[in-house]
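> Here's a structure for you.
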Amino acid sequence: QVQLVESGGGLVQAGGSLRLSCAASGGTFSRYAMGWFRQAPGKEREFVAGISWNGGATYYADSVKGRFTISRDNAKNMVYLPMNSLKPEDTAVYYCAADYKTFAERLIVSPRAAEYEYWGQGTQVTVSS
């Protein structure tokens with residue numbers, strides 16, 4: 001069982017920056033691909049960014065490419081998402097998620113929420129115009 005706790009959300013003006021963090025516990029963190037998802041009111045949960053076992057592969061939604069950067073520190077069981085040039089449309093609850101991968105899958109990052117077994121409680125990001 002993996003527990004995930006997000007932090008770093010808040011209110012920021014358009015063009016500003018935030019850095020989300022996700023602390024993991026209770027499992028072999030390095031065996032999980034990690035993802036960030038978001039859900040805005042009235043909308044479906046959407047993939048934002050993902051990172052493989054050791055960071056060898058990353059994957060971004062087109063809407064955040066060049067603005068968000070996912071990284072992980074396996075020694076600290078942490079995943080990070082610095083977000084720059086924030087836009088009002090980035091407003092959402094952001095979730096951290098973990099997807100167990102075998103050695104053969106170590107470079108695979110899925111954008112599909114259904115493939116992630118564990119989820120955090122979410123952190124609110126609000127970008128004002």
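Residue numbering restarts at 1 for every chain of the structure tokens, chains are lettered A, B, ... in their displayed order, and ligands are numbered from 1 as they appear.
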List the neighbours of Ala75 of chain A out to 10 Å using only C-alpha atoms; skip same-chain residues closer than 3 positions along the sequence, and give me the result as JSON, numbers by chain.

{"A": [29, 30, 72, 78]}

> Output N, CA, C and O atoms for every residue in the selection just made, as a PDB file, in the first residue's frame.


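The result, written out as result_13.pdb:
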```pdb
ATOM      1  N   PHE A  29       9.145   2.860  -3.637  1.00  0.00           N
ATOM      2  CA  PHE A  29       8.840   4.021  -4.485  1.00  0.00           C
ATOM      3  C   PHE A  29       9.477   3.907  -5.856  1.00  0.00           C
ATOM      4  O   PHE A  29       8.859   4.255  -6.869  1.00  0.00           O
ATOM      5  N   SER A  30      10.690   3.403  -5.910  1.00  0.00           N
ATOM      6  CA  SER A  30      11.418   3.367  -7.180  1.00  0.00           C
ATOM      7  C   SER A  30      10.811   2.405  -8.188  1.00  0.00           C
ATOM      8  O   SER A  30      11.201   2.406  -9.356  1.00  0.00           O
ATOM      9  N   ARG A  72      11.766  13.551 -10.014  1.00  0.00           N
ATOM     10  CA  ARG A  72      11.607  12.705  -8.841  1.00  0.00           C
ATOM     11  C   ARG A  72      12.953  12.536  -8.143  1.00  0.00           C
ATOM     12  O   ARG A  72      14.004  12.610  -8.777  1.00  0.00           O
ATOM     13  N   MET A  78      10.131  11.336  -3.304  1.00  0.00           N
ATOM     14  CA  MET A  78       9.423  12.574  -3.647  1.00  0.00           C
ATOM     15  C   MET A  78       9.287  12.724  -5.154  1.00  0.00           C
ATOM     16  O   MET A  78      10.152  12.308  -5.928  1.00  0.00           O
TER      17      MET A  78
END
```

> Compile the contact shell of segment 18-24 of chain A as a PyMOL selection string: residues with an atom at most 6 Å away, counting only C-alpha atoms, same-chain residues fewer than 5 positions apart removed.

chain A and resi 3-8+77-83

> For the residues selected in the previous step, produce a file with N, CA, C and O atoms as an mmCIF file, in the first residue's frame.


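After the write, selection02.cif holds the following:
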```cif
data_model
loop_
_atom_site.group_PDB
_atom_site.id
_atom_site.type_symbol
_atom_site.label_atom_id
_atom_site.label_comp_id
_atom_site.auth_asym_id
_atom_site.auth_seq_id
_atom_site.Cartn_x
_atom_site.Cartn_y
_atom_site.Cartn_z
ATOM 1 N N GLN A 3 1.039 5.385 0.177
ATOM 2 C CA GLN A 3 0.334 6.605 0.543
ATOM 3 C C GLN A 3 1.023 7.795 -0.129
ATOM 4 O O GLN A 3 2.253 7.873 -0.142
ATOM 5 N N LEU A 4 0.205 8.687 -0.665
ATOM 6 C CA LEU A 4 0.718 9.847 -1.379
ATOM 7 C C LEU A 4 0.113 11.112 -0.788
ATOM 8 O O LEU A 4 -1.104 11.176 -0.570
ATOM 9 N N VAL A 5 0.951 12.100 -0.546
ATOM 10 C CA VAL A 5 0.480 13.360 0.016
ATOM 11 C C VAL A 5 1.045 14.508 -0.812
ATOM 12 O O VAL A 5 2.265 14.678 -0.891
ATOM 13 N N GLU A 6 0.147 15.274 -1.414
ATOM 14 C CA GLU A 6 0.557 16.418 -2.223
ATOM 15 C C GLU A 6 0.634 17.683 -1.370
ATOM 16 O O GLU A 6 -0.071 17.811 -0.364
ATOM 17 N N SER A 7 1.456 18.596 -1.810
ATOM 18 C CA SER A 7 1.540 19.906 -1.170
ATOM 19 C C SER A 7 2.024 20.917 -2.204
ATOM 20 O O SER A 7 2.482 20.538 -3.285
ATOM 21 N N GLY A 8 1.908 22.201 -1.852
ATOM 22 C CA GLY A 8 2.447 23.248 -2.714
ATOM 23 C C GLY A 8 1.428 24.012 -3.523
ATOM 24 O O GLY A 8 1.780 24.959 -4.227
ATOM 25 N N ASN A 77 11.870 9.691 -1.805
ATOM 26 C CA ASN A 77 10.488 9.281 -2.101
ATOM 27 C C ASN A 77 9.605 10.484 -2.439
ATOM 28 O O ASN A 77 8.483 10.620 -1.928
ATOM 29 N N MET A 78 10.131 11.336 -3.304
ATOM 30 C CA MET A 78 9.423 12.574 -3.647
ATOM 31 C C MET A 78 9.287 12.724 -5.154
ATOM 32 O O MET A 78 10.152 12.308 -5.928
ATOM 33 N N VAL A 79 8.188 13.351 -5.534
ATOM 34 C CA VAL A 79 7.972 13.761 -6.919
ATOM 35 C C VAL A 79 7.638 15.246 -6.910
ATOM 36 O O VAL A 79 6.921 15.708 -6.008
ATOM 37 N N TYR A 80 8.141 15.955 -7.908
ATOM 38 C CA TYR A 80 7.955 17.404 -7.948
ATOM 39 C C TYR A 80 7.347 17.835 -9.281
ATOM 40 O O TYR A 80 7.564 17.202 -10.313
ATOM 41 N N LEU A 81 6.622 18.947 -9.225
ATOM 42 C CA LEU A 81 6.081 19.523 -10.457
ATOM 43 C C LEU A 81 6.168 21.040 -10.371
ATOM 44 O O LEU A 81 5.210 21.706 -9.943
ATOM 45 N N PRO A 82 7.316 21.611 -10.746
ATOM 46 C CA PRO A 82 7.387 23.060 -10.864
ATOM 47 C C PRO A 82 6.531 23.510 -12.035
ATOM 48 O O PRO A 82 6.601 22.930 -13.125
ATOM 49 N N MET A 83 5.716 24.532 -11.804
ATOM 50 C CA MET A 83 4.801 25.018 -12.825
ATOM 51 C C MET A 83 5.076 26.497 -13.048
ATOM 52 O O MET A 83 4.974 27.296 -12.106
#
```

> Tell me, which residues of segment 17-125 of chain A carry DSSP strand (DSSP E or B), written as a ChimeraX atom specification?

/A:18-25,32-39,46-51,58-60,68,71-73,78-83,92-100,118-119,123-125

> Mind giving me the straight-line distance from atom CA of Lys87 of chain A to atom CA of Tyr59 of chain A in Å, one decimal?

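About the pair atom CA of Lys87 of chain A and atom CA of Tyr59 of chain A: they are 20.1 Å apart.
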
> With distances taken over only C-alpha atoms, which of A:Asp73, A:Asp99, A:Glu46, A:Asp90 is nearest to Val127 of chain A?

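Looking only at the distances to Val127 of chain A, the closest residue turns out to be A:Asp90.
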
> As an MDAnalysis selection string, please: the residues near Glu105 of chain A (cut-off 12 Å, only C-alpha atoms, same-chain neighbours under 2 positions excluded).

chainID A and resid 31:33 52:54 56:57 99:103 107:110

> From the options A:Gly35, A:Gly55, A:Pro111, A:Pro88, which residue's atoms come nearest to Val12 of chain A, counting only C-alpha atoms?

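Comparing A:Gly35, A:Gly55, A:Pro111, A:Pro88 against Val12 of chain A, the winner is A:Pro88.
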